[in-house]
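Next comes target23.json, with JSON, C-alpha atoms and all ligand atoms.
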[["chain", "number", "residue", "atom", "x", "y", "z"],
["D", 385, "MET", "CA", 125.87, 70.56, 84.04],
["D", 386, "ASP", "CA", 122.17, 70.87, 85.07],
["D", 387, "GLY", "CA", 120.73, 74.23, 86.12],
["D", 388, "ALA", "CA", 120.19, 73.08, 89.75],
["D", 389, "THR", "CA", 123.86, 72.28, 90.50],
["D", 390, "PRO", "CA", 125.94, 75.42, 91.03],
["D", 391, "ARG", "CA", 129.05, 75.58, 88.89],
["D", 392, "PRO", "CA", 132.23, 74.76, 90.78],
["D", 393, "VAL", "CA", 134.37, 77.78, 91.66],
["D", 394, "ALA", "CA", 138.10, 77.96, 90.89],
["D", 395, "VAL", "CA", 140.35, 80.60, 92.45],
["D", 396, "VAL", "CA", 143.53, 81.22, 90.45],
["D", 397, "THR", "CA", 146.29, 83.36, 91.96],
["D", 398, "GLY", "CA", 148.63, 85.14, 89.57],
["D", 399, "ALA", "CA", 145.97, 85.04, 86.85],
["D", 400, "SER", "CA", 147.09, 88.25, 85.11],
["D", 401, "ALA", "CA", 149.70, 86.52, 82.91],
["D", 402, "GLY", "CA", 151.32, 83.29, 81.81],
["D", 403, "ILE", "CA", 150.29, 79.99, 83.37],
["D", 404, "GLY", "CA", 147.70, 81.55, 85.68],
["D", 405, "ALA", "CA", 145.91, 83.37, 82.85],
["D", 406, "ALA", "CA", 145.91, 80.28, 80.62],
["D", 407, "THR", "CA", 144.70, 78.11, 83.50],
["D", 408, "ALA", "CA", 141.87, 80.47, 84.37],
["D", 409, "GLN", "CA", 140.77, 80.56, 80.75],
["D", 410, "ARG", "CA", 140.93, 76.79, 80.43],
["D", 411, "LEU", "CA", 139.03, 76.18, 83.68],
["D", 412, "ALA", "CA", 136.33, 78.64, 82.61],
["D", 413, "SER", "CA", 135.85, 76.74, 79.37],
["D", 414, "ASP", "CA", 135.75, 73.48, 81.37],
["D", 415, "GLY", "CA", 132.75, 74.74, 83.39],
["D", 416, "PHE", "CA", 134.28, 76.51, 86.41],
["D", 417, "ASP", "CA", 133.32, 79.97, 87.63],
["D", 418, "VAL", "CA", 136.76, 81.54, 87.96],
["D", 419, "VAL", "CA", 137.99, 84.09, 90.47],
["D", 420, "LEU", "CA", 141.11, 85.81, 89.19],
["D", 421, "GLY", "CA", 143.64, 87.28, 91.61],
["D", 422, "ALA", "CA", 146.83, 89.30, 90.94],
["D", 423, "ARG", "CA", 148.24, 92.79, 91.42],
["D", 424, "ARG", "CA", 147.62, 93.99, 87.82],
["D", 425, "VAL", "CA", 143.85, 94.33, 87.98],
["D", 426, "ASP", "CA", 143.61, 95.82, 84.45],
["D", 427, "LYS", "CA", 145.01, 92.56, 83.02],
["D", 428, "LEU", "CA", 142.61, 90.53, 85.15],
["D", 429, "GLU", "CA", 139.68, 92.57, 83.93],
["D", 430, "GLU", "CA", 140.66, 91.99, 80.29],
["D", 431, "LEU", "CA", 140.77, 88.26, 80.96],
["D", 432, "ALA", "CA", 137.52, 88.33, 82.93],
["D", 433, "ALA", "CA", 135.84, 90.02, 79.99],
["D", 434, "ARG", "CA", 137.01, 87.17, 77.74],
["D", 435, "CYS", "CA", 136.21, 84.20, 80.01],
["D", 436, "GLY", "CA", 133.50, 85.54, 82.31],
["D", 437, "GLY", "CA", 135.51, 85.41, 85.52],
["D", 438, "ARG", "CA", 135.65, 87.77, 88.49],
["D", 439, "ALA", "CA", 138.73, 90.00, 88.77],
["D", 440, "LEU", "CA", 139.91, 90.77, 92.31],
["D", 441, "ALA", "CA", 143.06, 92.59, 93.41],
["D", 442, "LEU", "CA", 145.46, 90.29, 95.23],
["D", 443, "ASP", "CA", 149.01, 90.70, 96.46],
["D", 444, "VAL", "CA", 149.86, 87.34, 98.01],
["D", 445, "SER", "CA", 152.87, 88.90, 99.73],
["D", 446, "ASP", "CA", 150.60, 91.22, 101.73],
["D", 447, "ALA", "CA", 148.59, 89.64, 104.58],
["D", 448, "SER", "CA", 145.82, 92.26, 104.52],
["D", 449, "SER", "CA", 145.38, 91.90, 100.74],
["D", 450, "VAL", "CA", 145.00, 88.13, 101.13],
["D", 451, "GLU", "CA", 142.47, 88.68, 103.92],
["D", 452, "VAL", "CA", 140.32, 91.07, 101.83],
["D", 453, "PHE", "CA", 140.59, 88.83, 98.74],
["D", 454, "SER", "CA", 139.61, 85.68, 100.65],
["D", 455, "SER", "CA", 136.66, 87.38, 102.32],
["D", 456, "GLU", "CA", 135.28, 88.21, 98.86],
["D", 457, "VAL", "CA", 135.37, 84.55, 97.81],
["D", 458, "GLU", "CA", 132.11, 83.05, 99.04],
["D", 459, "ARG", "CA", 132.74, 79.48, 97.98],
["D", 460, "VAL", "CA", 135.59, 77.63, 96.34],
["D", 461, "ASN", "CA", 136.16, 74.11, 95.05],
["D", 462, "LEU", "CA", 139.55, 74.54, 93.41],
["D", 463, "LEU", "CA", 142.44, 76.73, 94.51],
["D", 464, "VAL", "CA", 145.29, 77.09, 92.04],
["D", 465, "ASN", "CA", 148.26, 78.57, 93.92],
["D", 466, "ASN", "CA", 150.11, 79.85, 90.89],
["D", 467, "ALA", "CA", 151.40, 83.35, 91.81],
["D", 468, "GLY", "CA", 155.16, 83.20, 91.85],
["D", 469, "LEU", "CA", 158.38, 84.65, 90.55],
["D", 470, "ALA", "CA", 162.16, 84.44, 90.44],
["D", 471, "VAL", "CA", 164.45, 87.41, 91.02],
["D", 472, "GLY", "CA", 167.79, 87.23, 89.20],
["D", 473, "VAL", "CA", 170.37, 84.47, 89.03],
["D", 474, "ASP", "CA", 172.86, 85.64, 91.63],
["D", 475, "PRO", "CA", 174.96, 82.99, 93.34],
["D", 476, "LEU", "CA", 174.03, 82.58, 97.01],
["D", 477, "ALA", "CA", 177.17, 84.43, 98.12],
["D", 478, "GLU", "CA", 175.81, 87.54, 96.39],
["D", 479, "LEU", "CA", 172.05, 87.04, 96.81],
["D", 480, "SER", "CA", 170.53, 90.17, 98.35],
["D", 481, "ASP", "CA", 168.12, 89.94, 101.27],
["D", 482, "GLU", "CA", 165.68, 91.94, 99.16],
["D", 483, "ALA", "CA", 165.64, 89.41, 96.30],
["D", 484, "ALA", "CA", 165.43, 86.45, 98.69],
["D", 485, "GLU", "CA", 162.64, 88.06, 100.71],
["D", 486, "THR", "CA", 160.62, 88.91, 97.59],
["D", 487, "MET", "CA", 160.77, 85.29, 96.43],
["D", 488, "TRP", "CA", 159.99, 83.86, 99.89],
["D", 489, "ARG", "CA", 157.15, 86.30, 100.55],
["D", 490, "THR", "CA", 155.53, 85.55, 97.20],
["D", 491, "ASN", "CA", 156.27, 81.90, 96.47],
["D", 492, "VAL", "CA", 156.12, 80.47, 99.98],
["D", 493, "LEU", "CA", 154.46, 82.75, 102.50],
["D", 494, "GLY", "CA", 151.95, 83.95, 99.90],
["D", 495, "LEU", "CA", 150.98, 80.41, 98.95],
["D", 496, "LEU", "CA", 150.68, 79.46, 102.62],
["D", 497, "ARG", "CA", 148.53, 82.49, 103.43],
["D", 498, "VAL", "CA", 146.06, 82.01, 100.57],
["D", 499, "THR", "CA", 145.83, 78.30, 101.37],
["D", 500, "ARG", "CA", 145.20, 78.92, 105.06],
["D", 501, "ALA", "CA", 142.57, 81.55, 104.31],
["D", 502, "LEU", "CA", 140.60, 79.39, 101.86],
["D", 503, "LEU", "CA", 140.97, 75.97, 103.52],
["D", 504, "PRO", "CA", 137.69, 76.20, 105.51],
["D", 505, "LYS", "CA", 135.76, 77.05, 102.33],
["D", 506, "LEU", "CA", 137.50, 74.29, 100.35],
["D", 507, "GLU", "CA", 136.50, 71.80, 103.03],
["D", 508, "ALA", "CA", 132.94, 73.16, 103.20],
["D", 509, "SER", "CA", 132.57, 72.59, 99.44],
["D", 510, "GLY", "CA", 132.61, 68.84, 100.11],
["D", 511, "ASN", "CA", 134.96, 68.37, 97.14],
["D", 512, "GLY", "CA", 137.92, 70.70, 97.46],
["D", 513, "HIS", "CA", 141.18, 70.64, 95.54],
["D", 514, "ILE", "CA", 144.42, 72.59, 95.90],
["D", 515, "VAL", "CA", 146.83, 72.68, 92.96],
["D", 516, "ASN", "CA", 150.22, 74.20, 93.77],
["D", 517, "LEU", "CA", 152.47, 75.41, 90.99],
["D", 518, "GLY", "CA", 155.81, 73.99, 91.99],
["D", 519, "SER", "CA", 158.66, 73.50, 89.54],
["D", 520, "ILE", "CA", 161.42, 71.09, 88.67],
["D", 521, "ALA", "CA", 163.29, 73.65, 90.83],
["D", 522, "GLY", "CA", 161.44, 71.98, 93.71],
["D", 523, "PHE", "CA", 163.65, 68.90, 93.47],
["D", 524, "GLU", "CA", 166.59, 69.98, 91.30],
["D", 525, "VAL", "CA", 169.14, 72.74, 91.88],
["D", 526, "TYR", "CA", 171.38, 74.80, 89.62],
["D", 527, "ALA", "CA", 174.15, 77.33, 90.19],
["D", 528, "GLY", "CA", 172.62, 80.80, 90.32],
["D", 529, "GLY", "CA", 169.19, 79.43, 91.13],
["D", 530, "GLY", "CA", 169.60, 78.98, 94.88],
["D", 531, "GLY", "CA", 167.24, 81.79, 95.86],
["D", 532, "TYR", "CA", 164.42, 80.47, 93.68],
["D", 533, "THR", "CA", 165.00, 76.71, 94.06],
["D", 534, "ALA", "CA", 164.92, 77.04, 97.84],
["D", 535, "THR", "CA", 161.42, 78.51, 97.61],
["D", 536, "LYS", "CA", 160.19, 75.82, 95.23],
["D", 537, "HIS", "CA", 161.66, 73.11, 97.49],
["D", 538, "ALA", "CA", 159.57, 74.75, 100.22],
["D", 539, "VAL", "CA", 156.43, 74.63, 98.05],
["D", 540, "ARG", "CA", 157.03, 70.92, 97.58],
["D", 541, "ALA", "CA", 157.43, 70.40, 101.34],
["D", 542, "ILE", "CA", 154.23, 72.35, 102.01],
["D", 543, "THR", "CA", 152.29, 70.33, 99.43],
["D", 544, "ARG", "CA", 153.47, 67.02, 100.85],
["D", 545, "THR", "CA", 152.82, 68.09, 104.43],
["D", 546, "LEU", "CA", 149.31, 69.26, 103.56],
["D", 547, "ARG", "CA", 148.62, 65.86, 102.02],
["D", 548, "LEU", "CA", 149.37, 64.29, 105.41],
["D", 549, "GLU", "CA", 147.44, 66.87, 107.39],
["D", 550, "LEU", "CA", 144.37, 66.86, 105.15],
["D", 551, "VAL", "CA", 144.01, 63.11, 104.76],
["D", 552, "GLY", "CA", 140.44, 62.11, 105.63],
["D", 553, "LYS", "CA", 139.07, 65.51, 104.58],
["D", 554, "PRO", "CA", 137.35, 66.09, 101.23],
["D", 555, "ILE", "CA", 140.30, 68.00, 99.80],
["D", 556, "ARG", "CA", 142.69, 66.77, 97.12],
["D", 557, "ILE", "CA", 146.18, 68.18, 96.76],
["D", 558, "THR", "CA", 148.35, 68.22, 93.66],
["D", 559, "GLU", "CA", 151.71, 69.69, 92.71],
["D", 560, "VAL", "CA", 152.29, 70.57, 89.07],
["D", 561, "ALA", "CA", 156.04, 70.91, 88.51],
["D", 562, "PRO", "CA", 157.01, 72.30, 85.10],
["D", 563, "GLY", "CA", 160.38, 72.71, 83.44],
["D", 564, "LEU", "CA", 160.91, 75.53, 80.91],
["D", 565, "VAL", "CA", 157.66, 77.34, 80.08],
["D", 566, "GLU", "CA", 157.77, 80.47, 77.92],
["D", 567, "THR", "CA", 155.85, 83.20, 79.78],
["D", 568, "GLU", "CA", 156.69, 86.58, 81.34],
["D", 569, "PHE", "CA", 158.59, 84.63, 84.03],
["D", 570, "SER", "CA", 162.00, 85.21, 82.45],
["D", 571, "MET", "CA", 161.35, 88.92, 81.77],
["D", 572, "VAL", "CA", 160.46, 89.33, 85.45],
["D", 573, "ARG", "CA", 163.52, 87.33, 86.55],
["D", 574, "PHE", "CA", 165.86, 89.49, 84.44],
["D", 575, "ALA", "CA", 164.07, 92.76, 85.28],
["D", 576, "GLY", "CA", 162.92, 93.42, 81.72],
["D", 577, "ASP", "CA", 166.23, 92.64, 79.95],
["D", 578, "GLY", "CA", 164.82, 91.03, 76.79],
["D", 579, "ALA", "CA", 168.10, 89.52, 75.57],
["D", 580, "LYS", "CA", 168.79, 87.75, 78.88],
["D", 581, "ALA", "CA", 165.14, 86.73, 79.19],
["D", 582, "ALA", "CA", 165.13, 85.06, 75.77],
["D", 583, "LYS", "CA", 168.24, 82.91, 76.47],
["D", 584, "PRO", "CA", 166.60, 80.03, 78.41],
["D", 585, "TYR", "CA", 164.25, 79.40, 75.45],
["D", 586, "GLU", "CA", 166.82, 79.68, 72.66],
["D", 587, "GLY", "CA", 167.08, 76.71, 70.30],
["D", 588, "ILE", "CA", 164.30, 74.67, 71.90],
["D", 589, "GLU", "CA", 160.54, 74.45, 71.75],
["D", 590, "PRO", "CA", 159.59, 75.33, 75.32],
["D", 591, "LEU", "CA", 156.30, 74.46, 76.98],
["D", 592, "THR", "CA", 153.51, 77.00, 76.67],
["D", 593, "ALA", "CA", 151.28, 78.31, 79.43],
["D", 594, "GLU", "CA", 148.45, 76.35, 77.78],
["D", 595, "ASP", "CA", 150.44, 73.10, 78.17],
["D", 596, "ILE", "CA", 150.50, 73.67, 81.93],
["D", 597, "ALA", "CA", 146.85, 74.74, 82.02],
["D", 598, "ASP", "CA", 146.11, 71.39, 80.38],
["D", 599, "CYS", "CA", 147.87, 69.56, 83.26],
["D", 600, "VAL", "CA", 146.01, 71.56, 85.91],
["D", 601, "ALA", "CA", 142.66, 71.05, 84.20],
["D", 602, "TRP", "CA", 143.30, 67.32, 83.79],
["D", 603, "ALA", "CA", 144.16, 66.86, 87.48],
["D", 604, "ALA", "CA", 141.16, 68.96, 88.51],
["D", 605, "THR", "CA", 138.66, 67.06, 86.40],
["D", 606, "ARG", "CA", 139.49, 63.53, 87.65],
["D", 607, "PRO", "CA", 136.72, 61.99, 89.75],
["D", 608, "PRO", "CA", 136.70, 63.24, 93.38],
["D", 609, "HIS", "CA", 138.22, 60.01, 94.77],
["D", 610, "VAL", "CA", 141.26, 60.31, 92.47],
["D", 611, "ASN", "CA", 144.14, 62.41, 93.82],
["D", 612, "ILE", "CA", 146.88, 63.19, 91.32],
["D", 613, "ASP", "CA", 149.82, 63.75, 93.68],
["D", 614, "GLU", "CA", 152.17, 65.37, 91.20],
["D", 615, "ILE", "CA", 152.75, 66.06, 87.56],
["D", 616, "VAL", "CA", 156.30, 66.74, 86.37],
["D", 617, "VAL", "CA", 156.26, 68.18, 82.86],
["D", 618, "ARG", "CA", 159.15, 69.39, 80.72],
["D", 619, "PRO", "CA", 159.80, 70.24, 77.10],
["D", 620, "ARG", "CA", 161.02, 67.17, 75.20],
["D", 621, "ALA", "CA", 164.38, 68.92, 74.76],
["D", 622, "GLN", "CA", 164.92, 69.31, 78.52],
["D", 623, "ALA", "CA", 166.25, 66.45, 80.66],
["D", 624, "THR", "CA", 167.10, 68.44, 83.81],
["D", 625, "ALA", "CA", 167.23, 72.09, 84.81],
["D", 626, "THR", "CA", 170.65, 72.32, 83.14],
["D", 627, "VAL", "CA", 170.70, 69.56, 80.51],
["D", 628, "VAL", "CA", 168.90, 71.06, 77.54],
["D", 629, "ALA", "CA", 169.37, 70.04, 73.89],
["D", 630, "ARG", "CA", 169.55, 73.28, 71.94],
["D", 631, "GLU", "CA", 169.58, 73.52, 68.16],
["D", 632, "THR", "CA", 172.16, 76.07, 67.10],
["D", 701, "LIG", "P1", 154.49, 84.98, 84.77],
["D", 701, "LIG", "O1", 154.05, 84.96, 83.35],
["D", 701, "LIG", "O2", 155.52, 85.98, 85.19],
["D", 701, "LIG", "O3", 153.21, 85.10, 85.72],
["D", 701, "LIG", "C1", 153.34, 85.21, 87.12],
["D", 701, "LIG", "C2", 152.01, 85.61, 87.72],
["D", 701, "LIG", "O4", 152.19, 85.70, 89.16],
["D", 701, "LIG", "C3", 151.51, 86.95, 87.23],
["D", 701, "LIG", "O5", 150.14, 86.87, 86.99],
["D", 701, "LIG", "C4", 151.79, 87.89, 88.40],
["D", 701, "LIG", "O6", 150.78, 88.88, 88.47],
["D", 701, "LIG", "C5", 151.63, 86.92, 89.58],
["D", 701, "LIG", "N1", 152.26, 87.42, 90.79],
["D", 701, "LIG", "C6", 153.57, 87.68, 91.02],
["D", 701, "LIG", "N2", 153.72, 88.19, 92.25],
["D", 701, "LIG", "C7", 152.49, 88.26, 92.81],
["D", 701, "LIG", "C8", 151.97, 88.69, 94.06],
["D", 701, "LIG", "N3", 152.78, 89.19, 95.01],
["D", 701, "LIG", "N4", 150.64, 88.59, 94.30],
["D", 701, "LIG", "C9", 149.82, 88.10, 93.36],
["D", 701, "LIG", "N5", 150.23, 87.67, 92.16],
["D", 701, "LIG", "C10", 151.54, 87.76, 91.88],
["D", 701, "LIG", "O7", 155.12, 83.55, 85.19],
["D", 701, "LIG", "P2", 154.57, 82.05, 85.00],
["D", 701, "LIG", "O8", 155.61, 81.30, 84.25],
["D", 701, "LIG", "O9", 153.18, 82.04, 84.49],
["D", 701, "LIG", "O10", 154.65, 81.56, 86.51],
["D", 701, "LIG", "C11", 153.53, 81.02, 87.20],
["D", 701, "LIG", "C12", 154.02, 80.03, 88.23],
["D", 701, "LIG", "O11", 154.66, 78.93, 87.57],
["D", 701, "LIG", "C13", 155.05, 80.57, 89.22],
["D", 701, "LIG", "O12", 154.77, 80.04, 90.51],
["D", 701, "LIG", "C14", 156.36, 80.01, 88.70],
["D", 701, "LIG", "O13", 157.32, 79.86, 89.73],
["D", 701, "LIG", "C15", 155.90, 78.67, 88.16],
["D", 701, "LIG", "N6", 156.80, 78.06, 87.17],
["D", 701, "LIG", "C16", 157.13, 78.72, 86.03],
["D", 701, "LIG", "C17", 157.99, 78.09, 85.11],
["D", 701, "LIG", "C18", 158.42, 78.76, 83.82],
["D", 701, "LIG", "O14", 159.37, 78.27, 83.19],
["D", 701, "LIG", "N7", 157.78, 79.83, 83.38],
["D", 701, "LIG", "C19", 158.50, 76.81, 85.39],
["D", 701, "LIG", "C20", 158.14, 76.19, 86.56],
["D", 701, "LIG", "C21", 157.27, 76.81, 87.44],
["D", 701, "LIG", "P3", 150.96, 90.42, 88.91],
["D", 701, "LIG", "O15", 152.35, 90.83, 88.51],
["D", 701, "LIG", "O16", 149.87, 91.12, 88.13],
["D", 701, "LIG", "O17", 150.71, 90.44, 90.38]]

Translate this structure into structure tokens?
Amino acid sequence: MDGATPRPVAVVTGASAGIGAATAQRLASDGFDVVLGARRVDKLEELAARCGGRALALDVSDASSVEVFSSEVERVNLLVNNAGLAVGVDPLAELSDEAAETMWRTNVLGLLRVTRALLPKLEASGNGHIVNLGSIAGFEVYAGGGGYTATKHAVRAITRTLRLELVGKPIRITEVAPGLVETEFSMVRFAGDGAKAAKPYEGIEPLTAEDIADCVAWAATRPPHVNIDEIVVRPRAQATATVVARET
């Protein structure tokens, strides 16, 4: 990159852990200035110290936090909507409003808010790109996953709708849809119960956060006229959300 061209800016939500942290690190090493958003600012600052990014507090489920965060981002080329979570594995008959609302506010409304807030700046960049972290839960379902899969189906619908609404504008849109990735995701889902959290990864080699960062970075570094619509990526041992070959 020559000194006259400013480095492209990537905003990564949920950059304090897992896929977001690995993606931010990877994008920084690929030549992006990274803006890191999440609620745990101490974690963001540690990462920023390692990869030279800017750490900004962000709670995607809070409209005023998204507003303040977005106003501090002067320019942006790449938005990685990664912040997300699952709460429990209750069947729908027992799913609490609280769990459902937490997932919807974070995974759906949060993604929509950050996207809406940064769209004008993405367009103004002349070469914008939105990468949404979906999931195989965006097109598959499993018993006990109804609260979470509904939100990831919504992320998929939003991504596909945006592709229609943004056509003709200089903004690409990609969904990266992973299967099992070993991160803090499972610890969050099972509220810190380590034994339950370890179960999904038992007897297989799951994907790593870096594997997903690799997908995001690949999509983001295609030439501007190339839109990667979606990347579905699973561990070799996983055929569907529920068909997993485990070594015992
Ligand atoms: P993770 O390790 O638990 O990381 C989740 C990140 O989201 C954290 O940085 C967390 O930061 C952030 N976050 C959660 N709520 C937030 C909020 N309200 N505002 C801002 N940031 C928030 O999980 P992960 O596996 O990396 O998950 C990243 C994304 O990948 C999620 O969208 C998830 O649905 C998706 N995904 C994961 C898997 C998997 O198997 N792990 C598979 C498919 C898709 P703070 O807590 O500091 O705010």

If you count only C-alpha atoms, which residues fall within 7 Å of range 471-474 of chain D, apart from same-chain ones fewer than 4 positions away, as a ChimeraX atom specification? /D:478-479,483,487,528-529,573-574

Determine, counting only C-alpha atoms, which protein, DNA and RNA residues have an atom within 9 Å of an atom of range 500-502 of chain D; residues of the same chain fewer than 6 positions away are not included. Present the result as a PDB file with C-alpha atoms, keeping the file's coordinate frame.
ATOM      1  CA  VAL D 450     145.000  88.130 101.130  1.00  0.00           C
ATOM      2  CA  GLU D 451     142.470  88.680 103.920  1.00  0.00           C
ATOM      3  CA  SER D 454     139.610  85.680 100.650  1.00  0.00           C
ATOM      4  CA  SER D 455     136.660  87.380 102.320  1.00  0.00           C
ATOM      5  CA  VAL D 457     135.370  84.550  97.810  1.00  0.00           C
ATOM      6  CA  ARG D 459     132.740  79.480  97.980  1.00  0.00           C
ATOM      7  CA  VAL D 460     135.590  77.630  96.340  1.00  0.00           C
ATOM      8  CA  LEU D 463     142.440  76.730  94.510  1.00  0.00           C
TER       9      LEU D 463
END

Could I get the residues of chain D with an atom no further than 7 Å from an atom of ligand LIG 701 (chain D), each paired with its nearest atom pair and that distance in Å to one decimal, using all atoms listed in the file, sorted by chain and residue number, as a tab-separated table?
residue	atom	partner	partner_atom	distance
D:Thr397	CA	D:LIG701	N5	5.8
D:Gly398	CA	D:LIG701	O5	3.5
D:Ala399	CA	D:LIG701	O5	4.6
D:Ser400	CA	D:LIG701	O5	3.8
D:Ala401	CA	D:LIG701	O5	4.1
D:Gly402	CA	D:LIG701	O9	3.5
D:Ile403	CA	D:LIG701	O9	3.7
D:Gly404	CA	D:LIG701	O9	5.6
D:Ala405	CA	D:LIG701	O5	6.9
D:Gly421	CA	D:LIG701	C9	6.5
D:Ala422	CA	D:LIG701	N5	4.0
D:Arg423	CA	D:LIG701	O17	3.6
D:Arg424	CA	D:LIG701	O16	3.7
D:Val425	CA	D:LIG701	O16	6.8
D:Leu442	CA	D:LIG701	C9	5.2
D:Asp443	CA	D:LIG701	N4	3.4
D:Val444	CA	D:LIG701	N4	4.0
D:Ser445	CA	D:LIG701	N3	4.7
D:Asn466	CA	D:LIG701	O12	4.7
D:Ala467	CA	D:LIG701	O4	3.6
D:Gly468	CA	D:LIG701	O12	3.5
D:Leu469	CA	D:LIG701	O13	5.0
D:Ala470	CA	D:LIG701	O13	6.7
D:Thr490	CA	D:LIG701	N3	5.1
D:Asn491	CA	D:LIG701	O12	6.4
D:Leu517	CA	D:LIG701	O12	5.2
D:Gly518	CA	D:LIG701	C21	5.5
D:Ser519	CA	D:LIG701	C20	4.0
D:Ile520	CA	D:LIG701	C20	6.4
D:Ala561	CA	D:LIG701	C20	6.0
D:Pro562	CA	D:LIG701	C20	4.3
D:Gly563	CA	D:LIG701	C19	4.9
D:Leu564	CA	D:LIG701	O14	3.9
D:Val565	CA	D:LIG701	O14	3.7
D:Glu566	CA	D:LIG701	N7	5.5
D:Thr567	CA	D:LIG701	O1	4.4
D:Glu568	CA	D:LIG701	O1	3.7
D:Phe569	CA	D:LIG701	O2	3.5
D:Ser570	CA	D:LIG701	N7	6.9
D:Val572	CA	D:LIG701	O2	6.0
D:Ala593	CA	D:LIG701	O9	6.6

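The interatomic distance for the pair CA of Ala521 in chain D and CA of Thr533 in chain D works out to 4.8 Å.
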
Please provide as a list in words all residues within 9 Å of Arg489 in chain D, with the sequence filter that same-chain residues fewer than 4 positions apart are discarded (counting only C-alpha atoms).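 Listed by chain and then number, they are Val444, Ser445, Asp446, Ala484, Glu485, Leu493, Gly494 and Leu495 of chain D.
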
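For the pair CA of Asp414 in chain D and CA of Cys599 in chain D, the separation is 12.9 Å.
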